[in-house]
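One structure is given below, encoded as C-alpha cells.
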Amino acid sequence: MTVVVLLGAPGAGKGTQAPILARALGVPSLASGDLLRAAAAAGTALGREADRYMSRGQLVPDDTMVRVFLERLEKPDARAGAVLDGFPRTRVQAVALDRALHEAGRRVDRAIFIEVETEDLVRRMSNRRICTANGHVYNLASNPPLVPGTCDIDGSPIIQRPDDEDATVRARMKEQIPPLLEVVDHYRKAGVLQKVDGREPITDVSARVLAAIDSPTPIDVPASYPAH
C-alpha cells in the first residue's frame, strides 16, 4: 500500500497536484473536507460524530479526523493506497495518523512538500477570481478570462472572494504556515520527506512530484519557510 501525504501552504497547488498524482499511482485522492462531507452524508456513526462538530462550526477533533481517513482507506479503491491532500495539518494529527496506520500494518511512504515562497503565494491567491455561476477558477496573472470580468465558460461575472484579498491571505499564511512546518519537520525526521519547487508551471511541478515518489533518497528539508 502506498500512502502519500501532499503538503503545502494555501495556494501552493496541492488541490491541483493531488488528483494528477493519484491518477498516476492508480489510487484515490483524499481531501479532508470532501471526506468529512461524505461521511456526514452517509450517516454512519463516525459521520454523525464529525457532523456534530461541523454543524456547530467547530473543528473536528484530531482523533475523529484520523478515523475518517482510516475508514476511507479501507474502501476497495484505496487498497493499493491513497494520496492525502493537505492532511495531516498539525504535528498532533501526523503522530496520530502514524500510530493508527502502524496498528493497521501500514505507514506513510512519502510526504511531498510543495514549497512556494510566501510572497508568491500571496500574489497567486490575491489574483484568483471565481465565476459567480459555477465556481470556475481564473488567475489574473496566469490564467485570465478572455473578456475581463466575465467567465469564458458560462458568461457569468467573476469576482474576488473575501478570502482571497491580500490582507486576508497574509493573515491565513501567518496562522497556517507554523503548524505546516511542524508537519514538514515530522516527516523529515521520519525520513520520508521530499521537497518540490512549486513555482514552476503545473506540468513541471507534476513531473517533479512523480519523480519525488520514485526517488530512493528522501530530501532533508530544514524546518523553515521562505518569507520575504
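So you can find residues: chains in the C-alpha cells are A, B, ... in the order shown, residues in each start at 1, and ligands are numbered from 1 in order.
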
Please identify all polymer residues within 6 Å of range 123-128 of chain A, counting only C-alpha atoms, omitting same-chain residues fewer than 3 positions from it, and present them as a PyMOL selection string. chain A and resi 120+138-140+164-166

Looking only at alpha helix (DSSP H) from DSSP on the backbone, list the matching residues of range 72-139 of chain A as an MDAnalysis selection string. chainID A and resid 72:73 91:103 118:126

Print the selection's residues with C-alpha atoms to a file, as a tab-separated table (two decimals), in the first residue's frame.
chain	number	residue	atom	x	y	z
A	72	ARG	CA	-11.88	5.68	3.82
A	73	LEU	CA	-8.60	3.81	3.36
A	91	ARG	CA	2.07	17.55	14.25
A	92	VAL	CA	-0.52	16.03	16.59
A	93	GLN	CA	-2.51	14.79	13.59
A	94	ALA	CA	0.66	13.44	11.97
A	95	VAL	CA	1.59	11.47	15.08
A	96	ALA	CA	-1.96	10.15	15.45
A	97	LEU	CA	-2.04	9.13	11.77
A	98	ASP	CA	1.31	7.34	12.06
A	99	ARG	CA	0.13	5.45	15.10
A	100	ALA	CA	-3.16	4.42	13.52
A	101	LEU	CA	-1.53	3.37	10.25
A	102	HIS	CA	1.07	1.34	12.15
A	103	GLU	CA	-1.68	-0.51	14.02
A	118	THR	CA	5.14	33.43	0.80
A	119	GLU	CA	5.04	36.46	-1.50
A	120	ASP	CA	4.42	34.20	-4.49
A	121	LEU	CA	1.56	32.56	-2.62
A	122	VAL	CA	0.03	35.93	-1.78
A	123	ARG	CA	0.23	37.00	-5.42
A	124	ARG	CA	-1.33	33.76	-6.60
A	125	MET	CA	-4.26	33.96	-4.24
A	126	SER	CA	-4.90	37.69	-4.50

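The two atoms in question, CA of Leu84 in chain A and CA of Ala133 in chain A, are spaced 29.2 Å apart.
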
For Val205 in chain A, please output as a list in words all residues within 12 Å (counting only C-alpha atoms; exclusion window: fewer than 3 positions along the same chain). Ala12, Gly13, Lys14, Thr16, Gln17, Ala18, Ile20, Leu21, Ile112, Phe113, Ile114, Glu115, Val116, Lys195, Val196, Asp197, Gly198, Arg199, Glu200, Pro201, Ile202, Arg208, Val209, Leu210, Ala211 and Ala212 of chain A

Residues within 6 Å of range 146-160 of chain A, only C-alpha atoms, excluding chain neighbours under 6 positions, as a VMD selection string: chain A and resid 129 to 133

Take the selection from the previous step and output its residues with C-alpha atoms, as a JSON list (two decimals), in the first residue's frame.
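What ended up in again-v8.json:
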[["chain", "number", "residue", "atom", "x", "y", "z"],
["A", 129, "ARG", "CA", -11.06, 35.08, -9.36],
["A", 130, "ILE", "CA", -14.14, 32.84, -9.23],
["A", 131, "CYS", "CA", -17.16, 32.90, -11.54],
["A", 132, "THR", "CA", -20.42, 33.54, -9.71],
["A", 133, "ALA", "CA", -22.47, 30.88, -11.52]]

Quick one: pull the distance between CA of Gly26 in chain A and CA of Arg67 in chain A, Å, one decimal.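 Computed distance, CA of Gly26 in chain A to CA of Arg67 in chain A, equals 22.8 Å.
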
Report as JSON, numbers by chain: the residues of range 8-186 of chain A with a DSSP assignment of strand (DSSP E or B), based on the backbone of this structure. {"A": [29, 30, 31, 81, 82, 83, 84, 85, 110, 111, 112, 113, 114, 115, 128, 129, 130, 131, 137, 138, 139, 143, 147, 150, 157, 158, 159]}

Take the residues from that selection and write them out as an mmCIF file, in the first residue's frame, keeping N, CA and C atoms.
data_model
loop_
_atom_site.group_PDB
_atom_site.id
_atom_site.type_symbol
_atom_site.label_atom_id
_atom_site.label_comp_id
_atom_site.auth_asym_id
_atom_site.auth_seq_id
_atom_site.Cartn_x
_atom_site.Cartn_y
_atom_site.Cartn_z
ATOM 1 N N SER A 29 -7.543 10.248 -4.474
ATOM 2 C CA SER A 29 -7.060 11.442 -3.787
ATOM 3 C C SER A 29 -8.059 11.784 -2.691
ATOM 4 N N LEU A 30 -7.584 11.912 -1.460
ATOM 5 C CA LEU A 30 -8.470 12.104 -0.312
ATOM 6 C C LEU A 30 -8.190 13.456 0.347
ATOM 7 N N ALA A 31 -9.178 14.343 0.306
ATOM 8 C CA ALA A 31 -9.085 15.650 0.952
ATOM 9 C C ALA A 31 -10.019 15.660 2.157
ATOM 10 N N GLY A 81 -3.612 2.055 -1.845
ATOM 11 C CA GLY A 81 -3.061 3.268 -1.269
ATOM 12 C C GLY A 81 -3.917 4.478 -1.555
ATOM 13 N N ALA A 82 -3.385 5.659 -1.252
ATOM 14 C CA ALA A 82 -4.127 6.893 -1.450
ATOM 15 C C ALA A 82 -3.167 8.070 -1.345
ATOM 16 N N VAL A 83 -3.610 9.195 -1.903
ATOM 17 C CA VAL A 83 -2.909 10.470 -1.739
ATOM 18 C C VAL A 83 -3.720 11.305 -0.773
ATOM 19 N N LEU A 84 -3.116 11.699 0.338
ATOM 20 C CA LEU A 84 -3.798 12.532 1.329
ATOM 21 C C LEU A 84 -3.498 13.986 1.011
ATOM 22 N N ASP A 85 -4.542 14.716 0.656
ATOM 23 C CA ASP A 85 -4.416 16.090 0.193
ATOM 24 C C ASP A 85 -4.529 17.064 1.363
ATOM 25 N N ARG A 110 5.575 8.336 1.649
ATOM 26 C CA ARG A 110 6.208 9.550 1.168
ATOM 27 C C ARG A 110 5.385 10.755 1.591
ATOM 28 N N ALA A 111 6.067 11.810 1.975
ATOM 29 C CA ALA A 111 5.438 13.112 2.213
ATOM 30 C C ALA A 111 6.077 14.093 1.237
ATOM 31 N N ILE A 112 5.265 14.689 0.384
ATOM 32 C CA ILE A 112 5.755 15.619 -0.626
ATOM 33 C C ILE A 112 5.394 17.038 -0.194
ATOM 34 N N PHE A 113 6.404 17.861 -0.017
ATOM 35 C CA PHE A 113 6.206 19.247 0.391
ATOM 36 C C PHE A 113 6.358 20.146 -0.835
ATOM 37 N N ILE A 114 5.227 20.715 -1.302
ATOM 38 C CA ILE A 114 5.260 21.659 -2.421
ATOM 39 C C ILE A 114 5.554 23.040 -1.844
ATOM 40 N N GLU A 115 6.761 23.508 -2.065
ATOM 41 C CA GLU A 115 7.211 24.754 -1.440
ATOM 42 C C GLU A 115 7.108 25.929 -2.416
ATOM 43 N N ARG A 128 -6.548 35.456 -7.767
ATOM 44 C CA ARG A 128 -7.547 34.440 -8.073
ATOM 45 C C ARG A 128 -8.938 35.070 -8.174
ATOM 46 N N ARG A 129 -9.693 34.621 -9.170
ATOM 47 C CA ARG A 129 -11.061 35.082 -9.358
ATOM 48 C C ARG A 129 -11.953 33.862 -9.592
ATOM 49 N N ILE A 130 -13.185 33.944 -9.153
ATOM 50 C CA ILE A 130 -14.135 32.839 -9.230
ATOM 51 C C ILE A 130 -15.392 33.319 -9.948
ATOM 52 N N CYS A 131 -15.918 32.505 -10.869
ATOM 53 C CA CYS A 131 -17.159 32.904 -11.538
ATOM 54 C C CYS A 131 -18.334 32.667 -10.601
ATOM 55 N N VAL A 137 -12.514 28.743 -11.908
ATOM 56 C CA VAL A 137 -11.415 29.485 -11.296
ATOM 57 C C VAL A 137 -10.524 30.109 -12.363
ATOM 58 N N TYR A 138 -10.154 31.368 -12.136
ATOM 59 C CA TYR A 138 -9.227 32.082 -13.015
ATOM 60 C C TYR A 138 -8.133 32.718 -12.165
ATOM 61 N N ASN A 139 -7.042 33.058 -12.824
ATOM 62 C CA ASN A 139 -5.981 33.821 -12.177
ATOM 63 C C ASN A 139 -5.604 34.958 -13.117
ATOM 64 N N ASN A 143 -3.866 32.855 -15.739
ATOM 65 C CA ASN A 143 -4.983 32.264 -16.478
ATOM 66 C C ASN A 143 -6.176 33.227 -16.478
ATOM 67 N N VAL A 147 -12.452 37.727 -21.722
ATOM 68 C CA VAL A 147 -13.083 39.032 -21.560
ATOM 69 C C VAL A 147 -12.992 39.416 -20.087
ATOM 70 N N THR A 150 -15.498 38.453 -16.984
ATOM 71 C CA THR A 150 -16.544 37.550 -17.469
ATOM 72 C C THR A 150 -15.999 36.135 -17.651
ATOM 73 N N PRO A 157 -20.426 36.847 -14.254
ATOM 74 C CA PRO A 157 -19.379 37.716 -13.706
ATOM 75 C C PRO A 157 -18.374 36.918 -12.876
ATOM 76 N N ILE A 158 -17.121 37.338 -12.886
ATOM 77 C CA ILE A 158 -16.138 36.730 -11.998
ATOM 78 C C ILE A 158 -15.780 37.738 -10.917
ATOM 79 N N ILE A 159 -15.560 37.230 -9.718
ATOM 80 C CA ILE A 159 -15.336 38.094 -8.567
ATOM 81 C C ILE A 159 -14.115 37.617 -7.776
#

Can you tell me which residues surround Asp51 in chain A at a distance of at most 10 Å, considering only C-alpha atoms, apart from same-chain residues fewer than 2 positions away, and format the answer as a PyMOL selection string? chain A and resi 36-37+39-41+43+45-49+53-58+60

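The nearest approach to Val3 in chain A among the residues A:Val192, A:Ala171, A:Val183, A:Ala42, with only C-alpha atoms taken into account, belongs to A:Val192.
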
Interatomic distance between CA of Gly11 in chain A and CA of Ala141 in chain A? 13.9 Å

For a quick check of understanding, using only C-alpha atoms, which of A:Gly15, A:Arg23, A:Ala9, A:Asp204 has the smallest distance to Pro179 in chain A? A:Ala9

I need the residue nearest Thr64 in chain A from this list: A:Leu35, A:Val27, A:Val184, A:Val108. Use only C-alpha atoms for the distance.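 Looking only at the distances to Thr64 in chain A, the closest residue turns out to be A:Leu35.
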